[in-house]
Structures are given as structure tokens and as C-alpha cells.
>>> print(open('run.txt').read())   # compact mmCIF, C-alpha atoms and all ligand atoms
# COMPACT_ATOMS: atom_id res chain seq x y z
CA MET A 1 -33.18 27.03 5.73
CA ILE A 2 -31.38 27.94 2.51
CA LYS A 3 -28.58 25.54 1.59
CA PRO A 4 -26.07 25.66 -1.28
CA PRO A 5 -25.78 22.75 -3.69
CA ASP A 6 -23.72 19.81 -2.35
CA TYR A 7 -20.83 20.61 -4.67
CA VAL A 8 -20.52 23.99 -2.94
CA SER A 9 -20.84 22.71 0.65
CA GLU A 10 -18.13 20.16 -0.15
CA ILE A 11 -15.55 22.84 -1.01
CA ARG A 12 -12.86 23.20 1.62
CA PRO A 13 -12.38 26.96 2.13
CA TYR A 14 -9.15 28.59 1.00
CA ILE A 15 -7.04 29.53 3.99
CA PRO A 16 -4.87 32.53 3.14
CA GLY A 17 -1.45 33.11 4.72
CA LYS A 18 -1.92 34.53 8.22
CA PRO A 19 -1.86 38.35 8.18
CA ILE A 20 0.94 39.84 10.28
CA GLU A 21 -1.44 41.94 12.41
CA GLU A 22 -3.50 38.89 13.32
CA LEU A 23 -0.44 36.91 14.41
CA GLU A 24 0.93 39.78 16.49
CA ARG A 25 -2.42 40.25 18.21
CA GLU A 26 -2.76 36.52 18.92
CA LEU A 27 0.75 35.98 20.26
CA ASP A 28 1.30 39.45 21.66
CA ILE A 29 4.54 39.88 19.71
CA LYS A 30 6.01 42.61 17.48
CA ASP A 31 8.24 42.78 14.40
CA SER A 32 7.08 39.53 12.90
CA ILE A 33 7.73 38.75 9.24
CA LYS A 34 5.55 37.13 6.62
CA LEU A 35 7.15 34.68 4.20
CA ALA A 36 3.90 32.93 3.40
CA SER A 37 2.33 34.32 0.23
CA ASN A 38 5.16 34.68 -2.30
CA GLU A 39 4.96 38.45 -2.55
CA ASN A 40 7.87 40.63 -3.68
CA PRO A 41 9.57 41.65 -0.39
CA LEU A 42 10.83 44.89 -1.97
CA GLY A 43 7.29 46.09 -2.64
CA PRO A 44 6.20 47.77 -5.85
CA SER A 45 8.35 49.86 -8.16
CA PRO A 46 8.84 53.38 -6.73
CA VAL A 47 7.68 54.68 -10.09
CA ALA A 48 4.39 52.79 -9.72
CA LEU A 49 3.98 54.09 -6.18
CA LYS A 50 4.49 57.66 -7.35
CA ALA A 51 1.91 57.15 -10.08
CA ILE A 52 -0.61 56.01 -7.47
CA VAL A 53 0.03 59.02 -5.23
CA ASP A 54 -0.09 61.50 -8.15
CA ASN A 55 -3.27 59.83 -9.23
CA LEU A 56 -4.85 60.26 -5.83
CA ILE A 57 -4.00 63.94 -5.41
CA SER A 58 -4.81 65.16 -8.88
CA SER A 59 -8.44 66.22 -8.63
CA ASN A 60 -9.14 66.49 -12.35
CA SER A 61 -7.59 63.15 -13.22
CA SER A 62 -9.78 60.81 -15.23
CA ASN A 63 -8.64 58.25 -12.65
CA SER A 64 -10.23 60.22 -9.82
CA LEU A 65 -11.70 57.88 -7.20
CA ASN A 66 -15.27 59.12 -7.58
CA ARG A 67 -15.21 57.80 -11.16
CA TYR A 68 -15.57 54.22 -12.25
CA PRO A 69 -12.37 52.82 -13.70
CA ASP A 70 -11.90 52.29 -17.42
CA GLY A 71 -13.71 48.98 -17.77
CA SER A 72 -11.71 48.12 -20.87
CA GLY A 73 -8.34 48.84 -19.24
CA TYR A 74 -7.29 50.61 -22.43
CA TYR A 75 -3.84 51.90 -21.41
CA ILE A 76 -2.57 48.87 -19.55
CA LYS A 77 -3.81 46.55 -22.29
CA ARG A 78 -2.09 48.71 -24.90
CA ALA A 79 1.17 48.55 -22.91
CA LEU A 80 0.89 44.77 -22.53
CA SER A 81 0.06 44.44 -26.21
CA ASP A 82 3.26 46.36 -27.15
CA LYS A 83 5.42 44.44 -24.72
CA LEU A 84 4.16 40.98 -25.61
CA SER A 85 3.38 41.51 -29.31
CA VAL A 86 -0.20 40.34 -28.95
CA ARG A 87 -3.35 42.19 -29.95
CA GLU A 88 -5.38 44.04 -27.32
CA ASP A 89 -8.38 41.83 -28.02
CA GLU A 90 -6.21 38.85 -27.11
CA ILE A 91 -5.78 40.16 -23.55
CA ILE A 92 -8.19 40.04 -20.61
CA LEU A 93 -7.62 41.78 -17.27
CA GLY A 94 -8.53 40.21 -13.96
CA ASN A 95 -8.83 41.20 -10.33
CA GLY A 96 -5.67 39.20 -9.83
CA SER A 97 -5.06 36.23 -12.10
CA ASN A 98 -7.14 34.35 -9.53
CA GLU A 99 -10.31 35.92 -10.89
CA LEU A 100 -9.38 34.83 -14.40
CA ILE A 101 -9.19 31.21 -13.24
CA ASP A 102 -12.76 31.55 -12.04
CA ILE A 103 -13.96 33.32 -15.17
CA ALA A 104 -12.31 30.72 -17.42
CA VAL A 105 -13.97 27.89 -15.51
CA ARG A 106 -17.37 29.56 -15.58
CA THR A 107 -17.00 30.25 -19.31
CA PHE A 108 -15.89 26.82 -20.48
CA LEU A 109 -16.98 24.21 -17.96
CA GLU A 110 -20.43 22.76 -17.41
CA PRO A 111 -21.53 20.80 -14.34
CA GLY A 112 -20.20 17.24 -14.66
CA ASP A 113 -17.27 18.26 -16.91
CA GLU A 114 -13.76 17.32 -15.85
CA ALA A 115 -10.67 19.47 -15.44
CA VAL A 116 -7.27 17.79 -15.16
CA MET A 117 -4.72 19.32 -12.80
CA ALA A 118 -1.75 18.34 -10.67
CA HIS A 119 -1.59 17.71 -6.96
CA PRO A 120 -0.26 19.49 -5.00
CA SER A 121 -0.67 22.58 -7.09
CA PHE A 122 -2.47 25.91 -6.77
CA ILE A 123 -5.47 25.14 -4.59
CA VAL A 124 -7.74 27.60 -6.38
CA TYR A 125 -8.06 25.34 -9.48
CA PRO A 126 -10.03 22.54 -7.81
CA MET A 127 -12.05 25.08 -5.84
CA ALA A 128 -13.08 26.98 -8.97
CA VAL A 129 -14.01 23.75 -10.75
CA GLN A 130 -16.01 22.43 -7.80
CA ALA A 131 -17.81 25.75 -7.48
CA ILE A 132 -19.64 25.15 -10.77
CA GLY A 133 -20.27 21.45 -10.19
CA GLY A 134 -17.31 20.31 -12.31
CA ARG A 135 -14.97 17.48 -11.37
CA PRO A 136 -11.33 18.24 -10.60
CA VAL A 137 -9.14 15.30 -11.65
CA GLN A 138 -5.97 15.63 -9.61
CA ILE A 139 -2.85 13.79 -10.76
CA PRO A 140 0.06 13.45 -8.31
CA LEU A 141 3.29 15.26 -9.12
CA LYS A 142 6.24 13.16 -10.23
CA HIS A 143 9.57 14.24 -8.78
CA TYR A 144 7.71 17.29 -7.42
CA THR A 145 6.87 18.34 -11.01
CA HIS A 146 3.69 18.14 -13.10
CA ASP A 147 3.58 14.67 -14.64
CA LEU A 148 2.31 15.82 -18.01
CA GLU A 149 2.13 12.33 -19.45
CA ALA A 150 0.04 10.95 -16.59
CA MET A 151 -2.11 14.07 -16.78
CA ALA A 152 -2.68 13.51 -20.51
CA ASP A 153 -3.54 9.86 -19.76
CA ALA A 154 -6.29 11.15 -17.44
CA VAL A 155 -8.09 13.00 -20.24
CA THR A 156 -11.52 11.56 -21.05
CA SER A 157 -14.38 12.57 -23.30
CA LYS A 158 -15.61 14.76 -20.41
CA THR A 159 -12.36 16.74 -20.05
CA ARG A 160 -12.77 20.40 -20.97
CA MET A 161 -9.90 22.05 -19.10
CA PHE A 162 -6.30 21.22 -18.26
CA PHE A 163 -4.40 23.29 -15.68
CA ILE A 164 -0.63 23.64 -15.56
CA ALA A 165 1.03 25.91 -13.00
CA ASN A 166 4.41 26.65 -14.51
CA PRO A 167 6.28 27.22 -12.19
CA ASN A 168 4.22 25.12 -9.85
CA ASN A 169 3.06 26.45 -6.50
CA PRO A 170 4.01 25.02 -3.93
CA THR A 171 7.04 23.15 -5.32
CA GLY A 172 8.66 25.87 -7.49
CA THR A 173 9.37 23.36 -10.28
CA ILE A 174 8.86 23.96 -14.00
CA ASN A 175 7.84 21.95 -17.01
CA LYS A 176 10.26 22.23 -19.88
CA ARG A 177 9.71 22.96 -23.55
CA VAL A 178 10.12 19.45 -24.95
CA GLU A 179 7.59 17.78 -22.63
CA PHE A 180 5.22 20.73 -22.89
CA ASP A 181 5.29 20.65 -26.71
CA ARG A 182 4.75 16.88 -26.60
CA LEU A 183 1.71 17.40 -24.36
CA LEU A 184 0.20 19.99 -26.67
CA ASN A 185 0.71 17.72 -29.65
CA ARG A 186 -1.08 14.96 -27.78
CA LEU A 187 -4.09 16.86 -26.40
CA PRO A 188 -7.16 16.85 -28.63
CA ASP A 189 -8.73 20.10 -29.73
CA GLY A 190 -11.58 21.39 -27.54
CA ILE A 191 -9.73 21.27 -24.21
CA LEU A 192 -8.65 24.64 -22.82
CA VAL A 193 -5.08 24.42 -21.52
CA VAL A 194 -4.68 27.01 -18.77
CA VAL A 195 -1.01 27.75 -18.24
CA ASP A 196 -0.64 29.67 -15.02
CA GLU A 197 2.60 31.64 -15.21
CA ALA A 198 2.23 33.74 -12.06
CA TYR A 199 6.00 33.35 -11.42
CA TYR A 200 7.05 33.60 -15.08
CA GLU A 201 9.46 36.50 -14.57
CA TYR A 202 11.51 34.57 -12.00
CA VAL A 203 12.30 31.58 -14.21
CA ALA A 204 15.97 31.31 -15.21
CA ASP A 205 16.03 27.88 -16.89
CA PRO A 206 16.54 28.39 -20.66
CA GLU A 207 14.50 25.23 -21.31
CA TYR A 208 11.36 26.74 -19.74
CA ALA A 209 8.28 25.87 -21.82
CA ASP A 210 7.25 28.47 -24.40
CA SER A 211 3.49 28.68 -23.94
CA MET A 212 3.27 31.77 -26.16
CA LYS A 213 4.36 29.69 -29.16
CA HIS A 214 1.21 27.59 -28.78
CA PHE A 215 -0.92 30.69 -28.40
CA ARG A 216 0.57 31.99 -31.65
CA ASP A 217 -0.15 28.60 -33.26
CA GLY A 218 -3.83 29.24 -32.53
CA ARG A 219 -4.29 26.51 -29.91
CA ASP A 220 -6.97 26.36 -27.18
CA ILE A 221 -4.63 27.87 -24.60
CA LEU A 222 -5.02 30.57 -21.95
CA ILE A 223 -1.83 32.00 -20.43
CA LEU A 224 -2.22 33.69 -17.05
CA ARG A 225 0.25 36.19 -15.61
CA THR A 226 0.06 38.64 -12.74
CA PHE A 227 1.26 41.91 -11.27
CA SER A 228 1.08 40.35 -7.78
CA LYS A 229 4.46 38.65 -7.75
CA ILE A 230 7.58 40.25 -9.20
CA TYR A 231 5.75 43.54 -9.85
CA GLY A 232 4.90 43.77 -6.15
CA LEU A 233 1.25 44.81 -6.54
CA ALA A 234 -0.53 41.90 -4.81
CA GLY A 235 -2.60 44.27 -2.68
CA LEU A 236 -4.06 46.09 -5.69
CA ARG A 237 -5.26 42.89 -7.42
CA ILE A 238 -4.46 42.93 -11.10
CA GLY A 239 -3.45 40.14 -13.46
CA TYR A 240 -4.00 39.32 -17.11
CA GLY A 241 -4.71 36.48 -19.48
CA ILE A 242 -3.61 35.96 -23.09
CA ALA A 243 -5.60 33.82 -25.48
CA ARG A 244 -7.15 33.76 -28.95
CA GLN A 245 -9.62 36.58 -29.52
CA ASP A 246 -12.66 34.25 -29.54
CA ILE A 247 -11.68 32.81 -26.15
CA ILE A 248 -11.17 36.29 -24.67
CA PHE A 249 -14.44 37.46 -26.20
CA GLU A 250 -16.41 34.71 -24.45
CA MET A 251 -14.61 35.22 -21.12
CA ASN A 252 -15.27 38.96 -21.24
CA LYS A 253 -19.01 38.26 -21.17
CA LEU A 254 -18.62 36.85 -17.65
CA ARG A 255 -16.07 39.41 -16.46
CA PRO A 256 -17.57 41.99 -14.10
CA PRO A 257 -17.46 45.29 -16.03
CA PHE A 258 -15.18 47.16 -13.60
CA ASN A 259 -13.17 44.26 -12.19
CA THR A 260 -9.79 46.03 -12.13
CA ASN A 261 -9.69 49.34 -10.31
CA SER A 262 -8.16 52.56 -11.58
CA LEU A 263 -5.22 52.61 -9.14
CA ALA A 264 -4.31 49.04 -10.07
CA GLN A 265 -4.47 49.74 -13.81
CA ASN A 266 -2.29 52.82 -13.49
CA ALA A 267 0.19 51.22 -11.09
CA ALA A 268 0.51 48.19 -13.38
CA LEU A 269 1.20 50.46 -16.34
CA TRP A 270 4.12 52.12 -14.55
CA ALA A 271 5.35 48.90 -12.95
CA LEU A 272 5.61 47.38 -16.42
CA LYS A 273 7.86 50.24 -17.54
CA ASP A 274 10.22 49.98 -14.58
CA GLU A 275 12.50 47.22 -15.80
CA ASP A 276 15.20 48.22 -13.30
CA HIS A 277 12.90 47.30 -10.43
CA VAL A 278 12.19 43.91 -11.98
CA ARG A 279 15.94 43.32 -12.44
CA TYR A 280 16.66 44.37 -8.85
CA SER A 281 13.86 42.13 -7.55
CA LEU A 282 15.38 39.20 -9.45
CA GLU A 283 18.80 39.97 -8.00
CA ILE A 284 17.47 40.07 -4.44
CA ASN A 285 15.63 36.81 -5.07
CA GLU A 286 18.75 35.10 -6.43
CA GLN A 287 20.85 36.28 -3.48
CA GLY A 288 18.22 35.14 -1.00
CA LYS A 289 17.88 31.81 -2.75
CA GLY A 290 21.65 31.22 -2.59
CA TYR A 291 21.74 32.10 1.11
CA LEU A 292 18.77 29.88 1.98
CA TYR A 293 20.16 26.95 -0.04
CA ARG A 294 23.50 27.21 1.80
CA GLU A 295 21.85 27.39 5.22
CA LEU A 296 19.40 24.57 4.52
CA ASP A 297 22.26 22.45 3.18
CA SER A 298 24.28 23.04 6.32
CA LEU A 299 21.27 22.03 8.43
CA GLY A 300 20.93 18.88 6.33
CA LEU A 301 17.42 19.84 5.32
CA LYS A 302 16.19 18.71 1.92
CA TYR A 303 14.40 21.14 -0.39
CA ILE A 304 13.34 21.32 -3.99
CA PRO A 305 15.43 23.71 -6.15
CA THR A 306 13.11 26.52 -7.17
CA GLU A 307 12.47 28.53 -10.33
CA ALA A 308 10.31 30.98 -8.41
CA ASN A 309 10.46 33.16 -5.29
CA PHE A 310 9.72 30.47 -2.74
CA ILE A 311 11.27 27.21 -1.57
CA TYR A 312 9.54 23.93 -0.76
CA ILE A 313 11.23 22.31 2.22
CA LEU A 314 10.72 18.61 2.95
CA LEU A 315 10.41 17.47 6.53
CA GLY A 316 9.32 13.87 6.24
CA GLN A 317 10.59 10.59 4.85
CA ASP A 318 12.06 12.35 1.87
CA ASN A 319 14.52 13.90 4.25
CA PRO A 320 16.41 10.99 5.77
CA PRO A 321 19.16 13.01 7.49
CA LEU A 322 16.58 14.30 9.92
CA PRO A 323 15.70 12.52 13.12
CA PRO A 324 11.95 11.83 13.39
CA LEU A 325 11.73 15.48 13.11
CA ILE A 326 9.41 18.06 14.12
CA LYS A 327 6.76 16.31 16.02
CA GLY A 328 3.53 17.46 14.47
CA GLY A 329 5.20 17.66 11.01
CA ALA A 330 4.70 20.79 8.95
CA GLY A 331 1.98 22.08 11.28
CA GLY A 332 4.27 21.63 14.28
CA LEU A 333 7.13 23.51 12.67
CA TYR A 334 4.79 26.21 11.43
CA ASN A 335 3.56 26.81 14.98
CA LYS A 336 7.09 26.93 16.37
CA LEU A 337 8.20 29.41 13.75
CA LEU A 338 5.15 31.53 14.57
CA ARG A 339 6.39 31.83 18.13
CA TYR A 340 9.53 33.47 16.75
CA GLY A 341 7.39 35.79 14.67
CA VAL A 342 8.04 34.07 11.34
CA ILE A 343 5.03 33.16 9.20
CA VAL A 344 5.57 30.46 6.56
CA ARG A 345 3.12 28.17 4.81
CA PRO A 346 2.62 24.58 5.89
CA VAL A 347 1.74 22.41 2.90
CA GLY A 348 0.33 18.96 3.45
CA SER A 349 1.62 17.22 6.53
CA GLU A 350 5.34 17.15 5.89
CA GLU A 351 6.37 20.16 3.88
CA ILE A 352 6.61 23.88 4.36
CA ARG A 353 6.84 26.56 1.72
CA VAL A 354 8.84 29.65 2.51
CA THR A 355 8.90 32.82 0.42
CA ILE A 356 12.36 34.21 -0.31
CA GLY A 357 12.45 37.51 1.52
CA LEU A 358 14.87 40.39 2.06
CA PRO A 359 18.31 39.37 3.40
CA GLU A 360 17.38 40.23 6.99
CA GLU A 361 14.09 38.32 6.69
CA ASN A 362 15.82 35.23 5.35
CA LYS A 363 18.27 35.43 8.26
CA ARG A 364 15.39 35.71 10.74
CA PHE A 365 13.77 32.65 9.19
CA ILE A 366 16.98 30.59 9.42
CA GLU A 367 17.56 31.64 13.02
CA ALA A 368 13.98 30.74 13.93
CA LEU A 369 14.29 27.46 12.04
CA LYS A 370 17.45 26.53 13.95
CA LYS A 371 15.80 27.28 17.28
CA SER A 372 12.66 25.35 16.26
CA LEU A 373 14.69 22.31 15.22
CA VAL A 374 16.59 22.26 18.52
CA ILE A 375 13.31 22.37 20.41
CA SER A 376 11.85 19.64 18.21
CA HIS A 377 14.81 17.32 18.67
CA SER A 378 14.88 17.71 22.41
CA GLN A 379 11.14 17.20 22.84
C1 LIG B 1 0.31 29.62 -9.15
C2 LIG B 1 -0.47 30.83 -8.76
N1 LIG B 1 -1.40 31.28 -9.60
C3 LIG B 1 -2.14 32.37 -9.31
C4 LIG B 1 -1.95 33.04 -8.13
C5 LIG B 1 -2.86 34.20 -7.85
O1 LIG B 1 -2.26 35.38 -8.05
P1 LIG B 1 -3.08 36.74 -8.18
O2 LIG B 1 -2.61 37.57 -7.05
O3 LIG B 1 -2.69 37.26 -9.53
O4 LIG B 1 -4.53 36.44 -8.09
C6 LIG B 1 -0.99 32.63 -7.23
C7 LIG B 1 -0.82 33.34 -5.95
O5 LIG B 1 -0.22 32.91 -5.02
C8 LIG B 1 -0.24 31.49 -7.54
O6 LIG B 1 0.68 31.02 -6.70
>>> encode(input="run.txt", output="C-alpha cells")
Amino acid sequence: MIKPPDYVSEIRPYIPGKPIEELERELDIKDSIKLASNENPLGPSPVALKAIVDNLISSNSSNSLNRYPDGSGYYIKRALSDKLSVREDEIILGNGSNELIDIAVRTFLEPGDEAVMAHPSFIVYPMAVQAIGGRPVQIPLKHYTHDLEAMADAVTSKTRMFFIANPNNPTGTINKRVEFDRLLNRLPDGILVVVDEAYYEYVADPEYADSMKHFRDGRDILILRTFSKIYGLAGLRIGYGIARQDIIFEMNKLRPPFNTNSLAQNAALWALKDEDHVRYSLEINEQGKGYLYRELDSLGLKYIPTEANFIYILLGQDNPPLPPLIKGGAGGLYNKLLRYGVIVRPVGSEEIRVTIGLPEENKRFIEALKKSLVISHSQ
């Protein structure tokens, strides 16, 4: 019987946030809400949506669905190049930024090589590294934030990659400029620093690390961004990476030729132009964040202040005001919230991550949380 290599069988599969339809079927409920995957609750820009529809109905469009997409992504790369002041050959497009993590690993890591990353952080990094027989070296967060010094201490002669999610998923914390610059000064040449900025547009802190500066300085750095979050196009799968031309050139060899589809490229182009939608999305996120903070404070629940569109809520020992809470920890609370039709993300055994939704969704979550806590306390 065919078997994969051990390093593949040992991978624990990625479990995506539960789809709404699946939950409703399982529990026989309606009107449930999903606050589990950090999507923009407003959806995409209306301008981007119109572009998709126009695209679909215009029969002589070069984007017609019977045609392969533009494998080079000419127009969207040109728009990104103008917006970010980088050259087009310094940009690579991915089927979501997720694909670019994979491509980067396959391009630069050999079996046995090490990649340093934080824990908990985006689960795809260790999976991608394990998939090619590399060794993920996971360094615990410090104060819920990447401990860049401890991560740098973990670098060995076998280290080829260094992942930083900034902001971090699931904690929503950022690394600031001073510590980031210190790290880059410390890291030897020949290690690719992958800075995953999927939530870049949400960050408000003026001290947020400036990864682009290090790209402009010619360092071994790959910056990943996406149209899945604030641009509201998660379902179409498109993200991009920025790096020196030689890095992009090598990665492009392993990129499937038509990895981003024509609707995604066109929608991204228009989404990028619609700055009003981005501003409005930020406003809705800030309002929702304020509301959730107030409600969590009044429940005495501890959480980590976020620079993104989700909040990491602590249920365990870090949250002393709570009675021996939520029997079953994060999993227990997750299941109770499900019964009220609210899908969040349990993380580890004692934390949940909740995406900031529309005002009515946030209210639903808080109501369900209150009911779940009452049940838990009286159990
Ligand atoms: C930190 C981080 N990086 C990357 C991604 C993947 O995003 P994409 O949809 O662009 O593949 C996510 C998605 O949740 C994320 O949280």
C-alpha cells in the first residue's frame, strides 16, 4: 500500500473554521453567524463586485471564463507596483497569501533545514515546513507577542527561514519598529525573513514595524499581504508577496502558471482602488472592537488588545476573575456558542479567537457568550 513519507503522515491536518451551512445542518438551526475566520463582515467593495459581474456578462472580455487567466497578473501587479512604489518584478501573486507561504518554503528550504517561528501563530507555517521534510522550530510567545530575541537565539547553522506574523494570528499583537530593526540587524544573511502582514491594513499603532524599509535595503525578506482580509475577497483567493527581484524570480519557477484566476485578479484591481470601502471597513472594525472591549470588560473577561480584526479571549488561569470557568475550556465554550448559532475559533485549550463582525453580529456573540457563561457557572 502506498504511504507518504513520515514527515507527511506526521502533519496534523488544518481544520478550517466550520462553514455556516454545515453547522446549521448538524444542529438543525438557522441564522447562525460565523466569526471564525477573520473575514471582512461587510464583504468586498461594491465596485469590485460590479467588476466581477460585468466581467462575467461581457462575452468578448479577455477575462471571459473559457480563457485561461493572465498568468503574469499584469494589471493587478501594475496597480500594486504604483501603490507600493515597488517594481512589478518584485511582486508575486498567490492563490491567497497561503499559497505563497508554501511556494517560499518549497523554493528556499531543503529537507532537514530549520525554520524559526512563534507559537501560537499561523498554523500553516509549521505545516508547510513539515511538508517538505523541514523542521519547524517553534518559540513561545512572550506577553502574547513574538519574542523576537528568543527567536533570534534559536537560529542555528541550519536555519533558512524565519516567520513573523505581524499582526500575529491568533493573538492580534504586533511587533514594533525598534525590536524588528534590531532583529534584522542581528540575523545573518542567507535566512529568508517572511513577514506575514495579512492584517496590515488594520494596524493603527504608529510604532508598527516597517518591513518595507528592509526590503528597500535589499535584505533577504519576503513581505506577504492579502486581499482576503480588509479587501473582503477571501473566497476568490488572491494575495501577493513583495521581495527582491531574484527572490521573486526563483519563487515564480515553482508557482503554478495560472494560480490566480481572472475574476480574482480583476476584483483585486478594483478593490485596491476603492479606498472608501477600506476606510469604512476600518471604521466598522473600530466600532465593533470598542463595543466588544466594553462588553468583555463588564463580564470581567480578559482579552488581548488587538491590532487586527479579531480578539483573543483568555479563559484560563490568565483570567483570575473567572470561576473555574467553562468546563471543557475553549472547546466547551465553543460548543455552547455553537448551540446559539455563533461560530468562533477555539485556540489551544483555554482561549478563543473571535472575529469582529457587524454590530448585530457582535451583539449576537455577546448575548450567546452571556448565556454560555451562565450555563457554565451553574453546571
Ligand atoms: C496570519 C495569516 N496569514 C495568512 C493567512 C492566509 O490568508 P489568505 O487568504 O491570503 O491565504 C491568514 C488567514 O487567516 C492569516 O491569518
>>> residues_near_ligand(input="run.txt", ligand="ligand LIG 1 (chain B)", cutoff="9 Å", atoms="all atoms listed in the file", output="VMD selection string")
chain A and resid 37 to 39 94 to 101 121 to 125 164 to 170 196 to 199 224 to 229 233 to 240
>>> atom_distance(input="run.txt", atom1="atom CA of A:Val342", atom2="atom CA of A:Ala36")
9.0 Å
>>> closest_residue(input="run.txt", among="A:Gly241, A:Val129, A:Leu299, A:Met117", to="A:Glu149", atoms="all atoms listed in the file")
A:Met117
>>> closest_residue(input="run.txt", among="A:Tyr280, A:Phe163, A:Phe108, A:Tyr75", to="A:Ile223", atoms="all atoms listed in the file")
A:Phe163
>>> residues_around(input="run.txt", residues="A:Leu254", least_positions_apart="6", cutoff="9 Å", atoms="all atoms listed in the file", output="JSON, numbers by chain")
{"A": [103, 104, 106, 107]}
>>> closest_residue(input="run.txt", among="A:Val8, A:Leu65, A:Leu42, A:Ile191", to="A:Pro126", atoms="all atoms listed in the file")
A:Val8
>>> residues_around(input="run.txt", residues="stretch 242-247 of chain A", least_positions_apart="3", cutoff="8 Å", atoms="only C-alpha atoms", output="PyMOL selection string")
chain A and resi 89-92+215+218-224+250-251
>>> closest_atom_pairs(input="run.txt", of="stretch 57-150 of chain A", to="stretch 172-185 of chain A", cutoff="8 Å", atoms="all atoms listed in the file", output="JSON lines")
{"residue": "A:Tyr144", "atom": "CA", "partner": "A:Thr173", "partner_atom": "CA", "distance": 6.9}
{"residue": "A:Thr145", "atom": "CA", "partner": "A:Thr173", "partner_atom": "CA", "distance": 5.7}
{"residue": "A:His146", "atom": "CA", "partner": "A:Asn175", "partner_atom": "CA", "distance": 6.9}
{"residue": "A:Leu148", "atom": "CA", "partner": "A:Leu183", "partner_atom": "CA", "distance": 6.6}
{"residue": "A:Glu149", "atom": "CA", "partner": "A:Leu183", "partner_atom": "CA", "distance": 7.1}
>>> closest_residue(input="run.txt", among="A:Ala51, A:Met127, A:Leu27, A:Ile11", to="A:Leu269", atoms="all atoms listed in the file")
A:Ala51
>>> closest_residue(input="run.txt", among="A:Glu295, A:Glu88, A:Glu21, A:Glu201", to="A:Lys370", atoms="all atoms listed in the file")
A:Glu295
>>> atom_distance(input="run.txt", atom1="atom CA of A:Lys336", atom2="atom CA of A:Ile366")
12.6 Å
>>> atom_distance(input="run.txt", atom1="atom CA of A:Ile248", atom2="atom CA of A:Glu114")
21.1 Å
>>> residues_around(input="run.txt", residues="A:Leu369", least_positions_apart="2", cutoff="10 Å", atoms="only C-alpha atoms", output="PyMOL selection string")
chain A and resi 296+299+333-334+336-337+340+342+363-367+371-375
>>> residues_near_point(input="run.txt", point="(-4.1, 10.2, -18.3)", cutoff="12 Å", atoms="only C-alpha atoms", output="PyMOL selection string")
chain A and resi 115-118+137-140+147-157+159+162+183+186-187
>>> build_atoms(input="run.txt", residues="stretch 155-170 of chain A", atoms="N, CA and C atoms", output="PDB file, keeping the file's coordinate frame")
ATOM      1  N   VAL A 155      -7.077  12.293 -19.425  1.00  0.00           N
ATOM      2  CA  VAL A 155      -8.090  13.000 -20.240  1.00  0.00           C
ATOM      3  C   VAL A 155      -9.157  12.014 -20.707  1.00  0.00           C
ATOM      4  N   THR A 156     -10.412  12.394 -20.563  1.00  0.00           N
ATOM      5  CA  THR A 156     -11.520  11.560 -21.050  1.00  0.00           C
ATOM      6  C   THR A 156     -12.404  12.405 -21.971  1.00  0.00           C
ATOM      7  N   SER A 157     -13.487  11.806 -22.416  1.00  0.00           N
ATOM      8  CA  SER A 157     -14.380  12.570 -23.300  1.00  0.00           C
ATOM      9  C   SER A 157     -15.070  13.711 -22.541  1.00  0.00           C
ATOM     10  N   LYS A 158     -14.967  13.678 -21.190  1.00  0.00           N
ATOM     11  CA  LYS A 158     -15.610  14.760 -20.410  1.00  0.00           C
ATOM     12  C   LYS A 158     -14.632  15.891 -20.080  1.00  0.00           C
ATOM     13  N   THR A 159     -13.361  15.722 -20.416  1.00  0.00           N
ATOM     14  CA  THR A 159     -12.360  16.740 -20.050  1.00  0.00           C
ATOM     15  C   THR A 159     -12.534  17.996 -20.910  1.00  0.00           C
ATOM     16  N   ARG A 160     -12.654  19.126 -20.250  1.00  0.00           N
ATOM     17  CA  ARG A 160     -12.770  20.400 -20.970  1.00  0.00           C
ATOM     18  C   ARG A 160     -11.638  21.364 -20.631  1.00  0.00           C
ATOM     19  N   MET A 161     -10.988  21.140 -19.483  1.00  0.00           N
ATOM     20  CA  MET A 161      -9.900  22.050 -19.100  1.00  0.00           C
ATOM     21  C   MET A 161      -8.732  21.259 -18.552  1.00  0.00           C
ATOM     22  N   PHE A 162      -7.541  21.893 -18.641  1.00  0.00           N
ATOM     23  CA  PHE A 162      -6.300  21.220 -18.260  1.00  0.00           C
ATOM     24  C   PHE A 162      -5.411  22.312 -17.655  1.00  0.00           C
ATOM     25  N   PHE A 163      -5.154  22.211 -16.352  1.00  0.00           N
ATOM     26  CA  PHE A 163      -4.400  23.290 -15.680  1.00  0.00           C
ATOM     27  C   PHE A 163      -2.929  22.906 -15.512  1.00  0.00           C
ATOM     28  N   ILE A 164      -2.061  23.843 -15.838  1.00  0.00           N
ATOM     29  CA  ILE A 164      -0.630  23.640 -15.560  1.00  0.00           C
ATOM     30  C   ILE A 164      -0.105  24.898 -14.882  1.00  0.00           C
ATOM     31  N   ALA A 165       0.377  24.759 -13.654  1.00  0.00           N
ATOM     32  CA  ALA A 165       1.030  25.910 -13.000  1.00  0.00           C
ATOM     33  C   ALA A 165       2.509  25.789 -13.327  1.00  0.00           C
ATOM     34  N   ASN A 166       3.032  26.745 -14.043  1.00  0.00           N
ATOM     35  CA  ASN A 166       4.410  26.650 -14.510  1.00  0.00           C
ATOM     36  C   ASN A 166       5.105  27.999 -14.304  1.00  0.00           C
ATOM     37  N   PRO A 167       5.918  28.170 -13.242  1.00  0.00           N
ATOM     38  CA  PRO A 167       6.280  27.220 -12.190  1.00  0.00           C
ATOM     39  C   PRO A 167       5.095  26.811 -11.319  1.00  0.00           C
ATOM     40  N   ASN A 168       5.290  25.610 -10.715  1.00  0.00           N
ATOM     41  CA  ASN A 168       4.220  25.120  -9.850  1.00  0.00           C
ATOM     42  C   ASN A 168       4.319  25.757  -8.458  1.00  0.00           C
ATOM     43  N   ASN A 169       3.172  26.081  -7.908  1.00  0.00           N
ATOM     44  CA  ASN A 169       3.060  26.450  -6.500  1.00  0.00           C
ATOM     45  C   ASN A 169       2.400  25.233  -5.833  1.00  0.00           C
ATOM     46  N   PRO A 170       2.979  24.558  -4.861  1.00  0.00           N
ATOM     47  CA  PRO A 170       4.010  25.020  -3.930  1.00  0.00           C
ATOM     48  C   PRO A 170       5.440  24.557  -4.183  1.00  0.00           C
TER      49      PRO A 170
END
